[in-house]
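As provided, input21.tsv (TSV, C-alpha atoms) reads as follows.
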chain	number	residue	atom	x	y	z
A	21	MET	CA	-43.59	8.10	-43.79
A	22	LYS	CA	-40.95	10.77	-44.23
A	23	LYS	CA	-41.20	11.74	-40.56
A	24	LYS	CA	-40.85	8.09	-39.58
A	25	LYS	CA	-37.64	7.77	-41.62
A	26	ILE	CA	-36.25	10.92	-40.04
A	27	LEU	CA	-37.08	9.57	-36.57
A	28	ILE	CA	-35.44	6.23	-37.33
A	29	SER	CA	-32.37	7.99	-38.72
A	30	ALA	CA	-32.18	10.15	-35.60
A	31	ILE	CA	-32.46	7.13	-33.31
A	32	VAL	CA	-29.79	5.28	-35.27
A	33	GLY	CA	-27.56	8.33	-35.14
A	34	ILE	CA	-28.00	8.64	-31.39
A	35	LEU	CA	-27.26	4.93	-30.89
A	36	VAL	CA	-24.15	5.15	-33.08
A	37	LEU	CA	-22.95	8.22	-31.20
A	38	ALA	CA	-23.65	6.54	-27.86
A	39	GLY	CA	-21.73	3.48	-29.03
A	40	ILE	CA	-18.78	5.64	-30.06
A	41	PHE	CA	-18.71	7.42	-26.68
A	42	ILE	CA	-19.06	4.17	-24.72
A	43	GLY	CA	-16.27	2.62	-26.79
A	44	ALA	CA	-14.12	5.67	-26.14
A	45	GLY	CA	-14.95	5.44	-22.43
A	46	LEU	CA	-13.94	1.78	-22.33
A	47	TYR	CA	-10.69	2.65	-24.06
A	48	MET	CA	-9.97	5.50	-21.65
A	49	LEU	CA	-10.67	3.32	-18.63
A	50	ASP	CA	-8.33	0.59	-19.88
A	51	PHE	CA	-5.75	3.26	-20.75
A	52	SER	CA	-5.95	4.67	-17.21
A	53	LEU	CA	-6.49	1.62	-15.01
A	54	ARG	CA	-4.88	-1.17	-17.07
A	55	PRO	CA	-1.75	0.43	-18.49
A	56	ILE	CA	1.46	-1.40	-19.31
A	57	ASN	CA	2.45	-1.87	-15.70
A	58	ARG	CA	6.09	-1.60	-14.70
A	59	GLY	CA	4.90	-2.53	-11.22
A	60	LYS	CA	4.41	-6.10	-12.44
A	61	ASP	CA	8.06	-6.34	-13.50
A	62	ILE	CA	9.84	-7.38	-10.31
A	63	LYS	CA	13.31	-7.65	-11.85
A	64	SER	CA	13.31	-4.22	-13.48
A	65	SER	CA	11.85	-2.69	-10.31
A	66	MET	CA	14.77	-3.98	-8.28
A	67	THR	CA	17.20	-2.69	-10.91
A	68	TYR	CA	15.50	0.71	-10.79
A	69	ILE	CA	15.71	1.03	-7.02
A	70	ARG	CA	19.36	-0.03	-6.92
A	71	GLU	CA	20.38	2.38	-9.66
A	72	THR	CA	18.27	5.35	-8.55
A	73	TYR	CA	18.94	5.04	-4.80
A	74	PRO	CA	22.38	3.41	-4.47
A	75	GLN	CA	22.54	4.30	-0.77
A	76	VAL	CA	19.84	1.71	-0.04
A	77	VAL	CA	21.67	-1.20	-1.73
A	78	PRO	CA	23.67	-2.35	1.35
A	79	TRP	CA	20.44	-2.26	3.40
A	80	ILE	CA	18.56	-4.36	0.81
A	81	ASP	CA	21.45	-6.83	0.55
A	82	SER	CA	21.76	-7.15	4.30
A	83	LEU	CA	18.04	-7.82	4.75
A	84	THR	CA	18.05	-10.32	1.90
A	85	GLN	CA	21.10	-12.22	3.16
A	86	CYS	CA	19.59	-12.52	6.64
A	87	ASN	CA	16.13	-13.44	5.32
A	88	ALA	CA	14.91	-10.39	7.21
A	89	LEU	CA	12.86	-9.02	4.30
A	90	ARG	CA	9.80	-11.22	4.41
A	91	ASP	CA	6.68	-11.83	2.34
A	92	THR	CA	3.15	-12.05	3.62
A	93	PHE	CA	-0.23	-12.44	1.89
A	94	ILE	CA	-3.82	-11.67	2.79
A	95	THR	CA	-7.11	-12.14	0.93
A	96	ALA	CA	-9.46	-9.20	0.39
A	97	PRO	CA	-13.21	-9.66	0.91
A	98	ASP	CA	-13.70	-9.97	-2.86
A	99	GLY	CA	-11.21	-12.85	-3.04
A	100	ILE	CA	-8.22	-10.92	-4.40
A	101	ARG	CA	-4.88	-12.12	-2.97
A	102	LEU	CA	-2.69	-9.25	-1.80
A	103	HIS	CA	1.04	-9.24	-1.06
A	104	ALA	CA	3.31	-7.16	1.14
A	105	PHE	CA	6.94	-7.10	2.25
A	106	TYR	CA	7.78	-6.47	5.88
A	107	ALA	CA	10.88	-6.14	8.03
A	108	TYR	CA	11.53	-5.71	11.74
A	109	SER	CA	13.57	-2.95	13.30
A	110	SER	CA	17.01	-3.82	14.65
A	111	LYS	CA	15.61	-3.82	18.20
A	112	PRO	CA	12.09	-4.24	19.60
A	113	THR	CA	9.99	-1.13	19.01
A	114	ALA	CA	6.37	-0.16	18.68
A	115	ASN	CA	7.20	2.35	15.94
A	116	THR	CA	5.97	1.05	12.59
A	117	ALA	CA	5.58	2.54	9.11
A	118	VAL	CA	3.05	1.39	6.52
A	119	ILE	CA	4.41	2.57	3.17
A	120	ILE	CA	2.18	2.94	0.09
A	121	HIS	CA	3.47	3.06	-3.49
A	122	GLY	CA	2.31	5.07	-6.47
A	123	TYR	CA	0.73	4.58	-9.89
A	124	THR	CA	2.28	1.69	-11.89
A	125	ASP	CA	4.81	1.23	-9.08
A	126	ASN	CA	5.07	-1.52	-6.47
A	127	ALA	CA	6.44	-2.12	-2.99
A	128	ILE	CA	9.99	-2.61	-4.31
A	129	ARG	CA	9.92	0.84	-5.88
A	130	MET	CA	9.26	2.22	-2.38
A	131	PHE	CA	12.31	0.59	-0.81
A	132	HIS	CA	13.95	4.02	-0.49
A	133	ILE	CA	11.17	5.02	1.92
A	134	GLY	CA	11.51	1.62	3.59
A	135	TYR	CA	15.19	2.48	4.03
A	136	LEU	CA	14.27	5.85	5.55
A	137	TYR	CA	12.13	4.21	8.23
A	138	ASN	CA	13.87	0.88	8.80
A	139	HIS	CA	17.51	1.92	8.45
A	140	SER	CA	17.56	5.63	9.29
A	141	LEU	CA	14.83	5.67	11.97
A	142	ASP	CA	14.90	1.99	13.04
A	143	PHE	CA	11.17	1.33	12.54
A	144	ASN	CA	9.33	-1.82	11.63
A	145	VAL	CA	8.14	-1.47	8.04
A	146	LEU	CA	5.23	-2.92	6.05
A	147	LEU	CA	5.16	-2.30	2.28
A	148	PRO	CA	2.05	-3.57	0.46
A	149	ASP	CA	1.73	-4.19	-3.26
A	150	LEU	CA	-1.55	-2.55	-4.26
A	151	ARG	CA	-3.91	-4.31	-6.67
A	152	TYR	CA	-2.57	-5.03	-10.15
A	153	SER	CA	0.97	-4.37	-8.88
A	154	GLY	CA	3.92	-6.44	-7.71
A	155	LEU	CA	2.84	-9.84	-6.42
A	156	SER	CA	-0.73	-8.78	-5.69
A	157	GLU	CA	-3.63	-9.94	-7.82
A	158	GLY	CA	-6.30	-7.73	-9.38
A	159	ASP	CA	-7.22	-6.77	-12.91
A	160	ALA	CA	-6.99	-2.98	-12.65
A	161	ILE	CA	-5.36	-0.13	-10.75
A	162	GLN	CA	-7.83	1.36	-8.27
A	163	MET	CA	-6.39	4.90	-7.91
A	164	GLY	CA	-6.42	4.79	-4.11
A	165	TRP	CA	-10.16	4.57	-3.50
A	166	LEU	CA	-10.58	0.80	-3.27
A	167	ASP	CA	-6.94	0.62	-2.15
A	168	ARG	CA	-7.78	2.48	1.05
A	169	LYS	CA	-9.83	-0.52	2.13
A	170	ASP	CA	-6.99	-2.91	1.30
A	171	VAL	CA	-4.53	-0.77	3.26
A	172	MET	CA	-6.97	-0.85	6.18
A	173	GLN	CA	-6.70	-4.65	6.06
A	174	TRP	CA	-2.91	-4.38	6.19
A	175	ILE	CA	-3.18	-2.00	9.14
A	176	ASN	CA	-5.29	-4.60	10.91
A	177	VAL	CA	-2.65	-7.25	10.16
A	178	ALA	CA	0.22	-5.14	11.52
A	179	PRO	CA	-0.29	-6.02	15.21
A	180	HIS	CA	-0.03	-9.72	14.34
A	181	LEU	CA	3.33	-9.04	12.67
A	182	PHE	CA	4.88	-6.54	15.04
A	183	GLY	CA	3.03	-6.84	18.35
A	184	ASP	CA	-0.03	-5.31	19.92
A	185	SER	CA	1.35	-2.02	21.23
A	186	LEU	CA	1.97	-0.32	17.90
A	187	ARG	CA	2.46	3.34	17.10
A	188	THR	CA	2.08	3.64	13.36
A	189	VAL	CA	2.63	6.22	10.60
A	190	VAL	CA	1.18	5.75	7.11
A	191	HIS	CA	3.41	7.22	4.38
A	192	GLY	CA	2.43	7.30	0.70
A	193	ILE	CA	3.83	8.78	-2.50
A	194	SER	CA	1.79	9.92	-5.54
A	195	MET	CA	-1.20	7.55	-5.89
A	196	GLY	CA	0.01	6.09	-2.58
A	197	ALA	CA	-0.27	9.57	-1.08
A	198	ALA	CA	-3.82	9.86	-2.41
A	199	THR	CA	-4.50	6.43	-0.89
A	200	THR	CA	-3.07	7.66	2.41
A	201	MET	CA	-5.31	10.72	2.41
A	202	MET	CA	-8.36	8.70	1.36
A	203	LEU	CA	-7.62	6.33	4.23
A	204	SER	CA	-7.20	9.22	6.68
A	205	GLY	CA	-10.89	10.09	6.57
A	206	GLU	CA	-11.96	6.63	7.73
A	207	GLU	CA	-12.41	5.35	11.27
A	208	LEU	CA	-8.98	4.02	12.20
A	209	PRO	CA	-7.41	1.98	15.01
A	210	THR	CA	-5.95	4.05	17.82
A	211	TYR	CA	-2.42	2.93	16.97
A	212	ILE	CA	-2.51	4.96	13.74
A	213	LYS	CA	-0.88	8.16	14.96
A	214	CYS	CA	-0.04	10.26	11.89
A	215	PHE	CA	0.35	10.43	8.10
A	216	VAL	CA	2.88	11.58	5.52
A	217	GLU	CA	1.56	12.27	2.03
A	218	ASP	CA	4.02	13.11	-0.75
A	219	CYS	CA	2.59	14.58	-4.00
A	220	GLY	CA	-0.92	13.14	-3.87
A	221	TYR	CA	-3.79	14.42	-6.01
A	222	THR	CA	-6.98	16.09	-4.83
A	223	SER	CA	-9.29	13.56	-6.51
A	224	VAL	CA	-9.30	11.00	-9.28
A	225	TRP	CA	-11.65	13.28	-11.22
A	226	ASP	CA	-9.27	16.24	-10.99
A	227	GLN	CA	-6.25	14.15	-11.96
A	228	PHE	CA	-7.95	12.47	-14.92
A	229	GLU	CA	-9.45	15.77	-16.10
A	230	LYS	CA	-5.95	17.24	-16.11
A	231	GLU	CA	-4.57	14.24	-18.03
A	232	LEU	CA	-7.44	14.25	-20.53
A	233	GLN	CA	-6.78	17.89	-21.32
A	234	GLY	CA	-2.99	17.56	-21.33
A	235	MET	CA	-2.63	14.34	-23.33
A	236	PHE	CA	-5.68	14.42	-25.61
A	237	HIS	CA	-6.73	18.11	-25.56
A	238	LEU	CA	-10.28	17.09	-24.65
A	239	PRO	CA	-12.73	18.63	-22.16
A	240	ALA	CA	-14.25	16.63	-19.33
A	241	PHE	CA	-17.67	16.49	-20.97
A	242	PRO	CA	-18.78	14.00	-22.11
A	243	LEU	CA	-15.93	11.49	-22.11
A	244	LEU	CA	-14.82	11.75	-18.49
A	245	TYR	CA	-18.42	11.45	-17.29
A	246	ILE	CA	-18.93	8.32	-19.39
A	247	THR	CA	-15.62	6.79	-18.28
A	248	SER	CA	-16.48	7.46	-14.62
A	249	TRP	CA	-19.86	5.77	-15.12
A	250	ILE	CA	-18.17	2.72	-16.69
A	251	CYS	CA	-15.72	2.62	-13.78
A	252	GLN	CA	-18.69	2.54	-11.40
A	253	LEU	CA	-20.08	-0.47	-13.27
A	254	GLN	CA	-16.74	-2.29	-13.48
A	255	ASN	CA	-15.11	-1.44	-10.17
A	256	GLY	CA	-17.85	-0.17	-7.88
A	257	TRP	CA	-16.55	3.39	-7.57
A	258	ASN	CA	-16.55	6.58	-9.62
A	259	PHE	CA	-14.09	9.38	-10.16
A	260	HIS	CA	-15.98	12.01	-8.14
A	261	GLU	CA	-16.31	9.97	-4.95
A	262	ALA	CA	-12.62	9.02	-5.05
A	263	SER	CA	-11.64	12.28	-3.40
A	264	ALA	CA	-8.63	12.78	-1.16
A	265	LEU	CA	-9.85	16.35	-0.64
A	266	ASN	CA	-13.12	15.24	0.93
A	267	GLN	CA	-11.37	12.66	3.08
A	268	VAL	CA	-8.72	14.96	4.58
A	269	GLU	CA	-11.49	17.32	5.66
A	270	LYS	CA	-12.56	14.57	8.08
A	271	CYS	CA	-9.04	13.77	9.32
A	272	HIS	CA	-7.99	15.13	12.72
A	273	LEU	CA	-4.78	13.13	13.01
A	274	PRO	CA	-1.47	14.87	12.17
A	275	MET	CA	-0.44	14.95	8.51
A	276	LEU	CA	2.74	16.13	6.81
A	277	PHE	CA	2.20	17.35	3.23
A	278	ILE	CA	5.15	17.18	0.82
A	279	HIS	CA	5.14	18.24	-2.84
A	280	GLY	CA	7.66	19.13	-5.51
A	281	GLY	CA	7.56	22.79	-6.44
A	282	ASN	CA	7.95	21.90	-10.14
A	283	ASP	CA	5.53	18.96	-10.23
A	284	ASP	CA	3.55	19.02	-13.47
A	285	PHE	CA	2.21	15.44	-13.23
A	286	VAL	CA	0.26	16.02	-10.03
A	287	PRO	CA	0.27	19.83	-10.25
A	288	THR	CA	1.71	21.64	-7.27
A	289	TYR	CA	-1.43	23.75	-6.83
A	290	MET	CA	-3.25	20.64	-5.60
A	291	ILE	CA	-1.16	20.52	-2.42
A	292	TYR	CA	-2.45	23.91	-1.30
A	293	LYS	CA	-6.08	22.84	-1.71
A	294	LEU	CA	-5.41	19.68	0.28
A	295	TYR	CA	-3.46	21.47	2.99
A	296	ASP	CA	-6.14	24.14	3.40
A	297	ALA	CA	-8.87	21.47	3.68
A	298	LYS	CA	-7.07	19.48	6.40
A	299	PRO	CA	-7.77	20.46	10.02
A	300	GLN	CA	-4.82	20.91	12.38
A	301	PRO	CA	-2.39	19.43	13.22
A	302	LYS	CA	-0.57	19.57	9.91
A	303	SER	CA	2.62	20.77	8.25
A	304	LEU	CA	3.58	21.66	4.68
A	305	TRP	CA	6.87	21.32	2.79
A	306	VAL	CA	6.90	22.37	-0.87
A	307	VAL	CA	10.34	21.43	-2.21
A	308	PRO	CA	11.72	24.02	-4.67
A	309	GLU	CA	12.84	22.88	-8.13
A	310	VAL	CA	11.70	19.28	-7.61
A	311	ASP	CA	9.42	17.46	-10.05
A	312	HIS	CA	6.99	14.62	-9.32
A	313	ALA	CA	7.85	12.13	-6.53
A	314	HIS	CA	11.56	12.98	-6.40
A	315	SER	CA	11.84	14.98	-3.18
A	316	TYR	CA	13.60	12.14	-1.37
A	317	ARG	CA	15.83	11.35	-4.34
A	318	ASP	CA	17.01	14.95	-4.59
A	319	TYR	CA	17.18	15.78	-0.87
A	320	PRO	CA	17.42	12.51	1.09
A	321	GLN	CA	18.88	13.95	4.28
A	322	THR	CA	16.52	16.91	4.45
A	323	TYR	CA	13.56	14.68	3.59
A	324	THR	CA	14.48	12.24	6.36
A	325	LYS	CA	14.84	15.04	8.90
A	326	LYS	CA	11.54	16.68	7.87
A	327	VAL	CA	9.73	13.37	8.29
A	328	GLN	CA	11.48	12.54	11.55
A	329	ASP	CA	10.85	15.95	13.09
A	330	PHE	CA	7.17	15.82	12.18
A	331	ILE	CA	6.24	12.26	13.15
A	332	MET	CA	8.32	11.56	16.25
A	333	PRO	CA	6.34	13.77	18.68
A	334	TYR	CA	3.26	11.73	17.78
A	335	LEU	CA	5.00	8.35	17.91
A	336	SER	CA	7.02	8.80	21.06
A	337	PRO	CA	5.42	7.08	24.07
A	338	LYS	CA	3.76	9.50	26.45
A	339	PRO	CA	5.37	9.61	29.88
A	340	SER	CA	3.31	7.96	32.57
A	341	LYS	CA	1.87	10.28	35.23

Rewrite the structure from the file as C-alpha cells, please.
Amino acid sequence: MKKKKILISAIVGILVLAGIFIGAGLYMLDFSLRPINRGKDIKSSMTYIRETYPQVVPWIDSLTQCNALRDTFITAPDGIRLHAFYAYSSKPTANTAVIIHGYTDNAIRMFHIGYLYNHSLDFNVLLPDLRYSGLSEGDAIQMGWLDRKDVMQWINVAPHLFGDSLRTVVHGISMGAATTMMLSGEELPTYIKCFVEDCGYTSVWDQFEKELQGMFHLPAFPLLYITSWICQLQNGWNFHEASALNQVEKCHLPMLFIHGGNDDFVPTYMIYKLYDAKPQPKSLWVVPEVDHAHSYRDYPQTYTKKVQDFIMPYLSPKPSK
C-alpha cells in the first residue's frame, strides 16, 4: 500500500512538472511568435520610416501622389491572405528587387531599402508583408522558415507584375535576412540571380537559445526543446530545422553578407559561420561600430555602393555572342 502511494505521488509529481513545463513552453512560444507587434501598426511604421530615414520622404511622397506605390494580395496554400507593396522603375527594366523585412517589422519599415533599389538604382521593387505583419494575415510570426515558402510565391508573382524577362535580387534584413538565406537553399526560378542578407541569424534554435540565456538566464534544456516541440504541433516546423546555415550550404548563387560589427541582438559571430558555410560566389562586409540592422542608416552611401557593386555583375544582361 505504501509503495502504491509513493508510485501515485511520483506519477502526480511528474504530471505536474510536465504541465508546468508545457505551460512555460506555451508562454515562451507566444512570447516569441506572438509579441506586441509594431509591424501591425501602419501609422507608426510610416512615422518611423519618415523620421529615421528623412532622405526617403520625397520618394515616398512622389510615389504616393502618383499612385505609383501599389498594393497587391495573394493567398497562401493554407488560406492565409498575404499583402505586398510594389513599384515600377522610372523606365522599363528587367532588374527587380524583392525586399524582406525583419522581426516585428513590416514592408513599410523596409522603405529605405526600397528607396535604395527604386530611387538610387532604378529597379522595380516588391516588398511583402510577412505573416502576422502589416496588412498580411496570420496568427504568428514564422521566423523565416514558413516565410520562405510565402516569399517563393511572391517570386512567382513577380513576372506577372513586371514582365517575363526578370533579373531579380532578394534582399532581407534581420529575420528577413534569415528568410532570404532559408529561401536560397530551395530550387528557384532562373531569374533569381543573387541575394543580399543583412544581419541574419544562423538558425531559429541558435537565436532563441541566445535570447533564452540573455533575457531569462535559462539553459536550452528542457524549455527550448519543449517550446520547439509545441511549435512543431502549432505551426508545422521546429527550431532546429529552421536553419539558414543548412540552407546556405546548398546555395550556389551569389550572396552578399552584411553585418554590424557591434550587433548584440543577432551576434556578429553568426555572420562568420554563415559566410564560411556558403559556397562561392560570395562577399562579406562587417560594418565597424554598427549595431543591429543599422548599417544602411549609418552609412547609406557606402551601403548603396557595396550592394550595387556586388549585384550588378549578376543582373546586367549578358552580351549576345

**Request:** Would you be able to write out as a list in words which residues have an atom within 12 Å of (-3.2, 26.4, -1.0) in the file's coordinates, counting all atoms listed in the file?
**Result:** Thr222, Phe277, His279, Pro287, Thr288, Tyr289, Met290, Ile291, Tyr292, Lys293, Leu294, Tyr295, Asp296, Ala297, Lys298, Leu304, Trp305 and Val306 of chain A

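Distance-wise, CA of Val171 in chain A and CA of Cys214 in chain A end up 14.7 Å apart.
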
For the interface of range 158-259 of chain A with range 87-105 of chain A (cut-off 8 Å, counting all atoms listed in the file), please tabulate each contacting residue of range 158-259 of chain A alongside its nearest pair of atoms and their separation in Å to one decimal, rows sorted by chain and increasing number, as CSV.
residue,atom,partner,partner_atom,distance
A:Gly158,CA,A:Ile100,CA,6.2
A:Asp170,CA,A:Ala96,CA,6.8
A:Gln173,CA,A:Ala96,CA,7.8

**Message:** One decimal, in Å: what's the spacing between CA of Gly134 in chain A and CA of Asn266 in chain A?
**Reply:** 28.3 Å

**Request:** Between A:Pro337, A:Pro274, A:Pro179, A:Gly154, single out the one closest to Pro209 in chain A, counting only C-alpha atoms.
**Result:** A:Pro179

**Message:** Which residues are near range 320-330 of chain A? Cut-off 12 Å, all atoms listed in the file, ignore same chain within fewer than 6 positions. Put them as an MDAnalysis selection string.
**Reply:** chainID A and resid 73:76 115 117 132:143 189:191 213:218 274:280 301:307 313:314 336

**Nearest to Tyr334 in chain A, chosen from A:Asn126, A:Ser52, A:Ser82, A:Thr188, with all atoms listed in the file counted in the distances** =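 Among the listed residues, the smallest separation from Tyr334 in chain A belongs to A:Thr188.
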
**Request:** For CA of Val145 in chain A and CA of Thr116 in chain A, determine how far apart the two atoms are, in Å to one decimal place.
**Result:** 5.6 Å

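All residues of protein, DNA or RNA that reach within 12 Å of Glu206 in chain A, judged by all atoms listed in the file and not counting those fewer than 3 positions away in the chain, are A:Trp165, A:Arg168, A:Lys169, A:Val171, A:Met172, A:Thr199, A:Thr200, A:Met201, A:Met202, A:Leu203, A:Pro209, A:Ile212, A:Ala264, A:Asn266, A:Gln267, A:Val268, A:Glu269, A:Lys270, A:Cys271, A:His272, A:Leu273.
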
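Counting all atoms listed in the file and comparing A:Tyr47, A:Ile119, A:Ile161, A:Gln233, the residue that lies closest to Pro148 in chain A is A:Ile119.
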
Take the point (-8.1, 13.3, -9.1) in the file's coordinates, draw a sphere of radius 9 Å around it, and report as an mmCIF file with C-alpha atoms, keeping the file's coordinate frame every protein, DNA or RNA residue with an atom inside or on it, counting all atoms listed in the file.
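This is the output file out-v9.cif:
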data_model
loop_
_atom_site.group_PDB
_atom_site.id
_atom_site.type_symbol
_atom_site.label_atom_id
_atom_site.label_comp_id
_atom_site.auth_asym_id
_atom_site.auth_seq_id
_atom_site.Cartn_x
_atom_site.Cartn_y
_atom_site.Cartn_z
ATOM 1 C CA MET A 163 -6.390 4.900 -7.910
ATOM 2 C CA ALA A 198 -3.820 9.860 -2.410
ATOM 3 C CA GLY A 220 -0.920 13.140 -3.870
ATOM 4 C CA TYR A 221 -3.790 14.420 -6.010
ATOM 5 C CA THR A 222 -6.980 16.090 -4.830
ATOM 6 C CA SER A 223 -9.290 13.560 -6.510
ATOM 7 C CA VAL A 224 -9.300 11.000 -9.280
ATOM 8 C CA TRP A 225 -11.650 13.280 -11.220
ATOM 9 C CA ASP A 226 -9.270 16.240 -10.990
ATOM 10 C CA GLN A 227 -6.250 14.150 -11.960
ATOM 11 C CA PHE A 228 -7.950 12.470 -14.920
ATOM 12 C CA GLU A 229 -9.450 15.770 -16.100
ATOM 13 C CA LYS A 230 -5.950 17.240 -16.110
ATOM 14 C CA PHE A 259 -14.090 9.380 -10.160
ATOM 15 C CA HIS A 260 -15.980 12.010 -8.140
ATOM 16 C CA ALA A 262 -12.620 9.020 -5.050
ATOM 17 C CA SER A 263 -11.640 12.280 -3.400
ATOM 18 C CA ALA A 264 -8.630 12.780 -1.160
ATOM 19 C CA VAL A 286 0.260 16.020 -10.030
#

**Asked** Which of these residues is nearest to Pro299 in chain A, using only C-alpha atoms: A:Ser204, A:Glu261, A:Pro239, A:Thr72?
**Response**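 With only C-alpha atoms as the atom set, the closest residue is A:Ser204.
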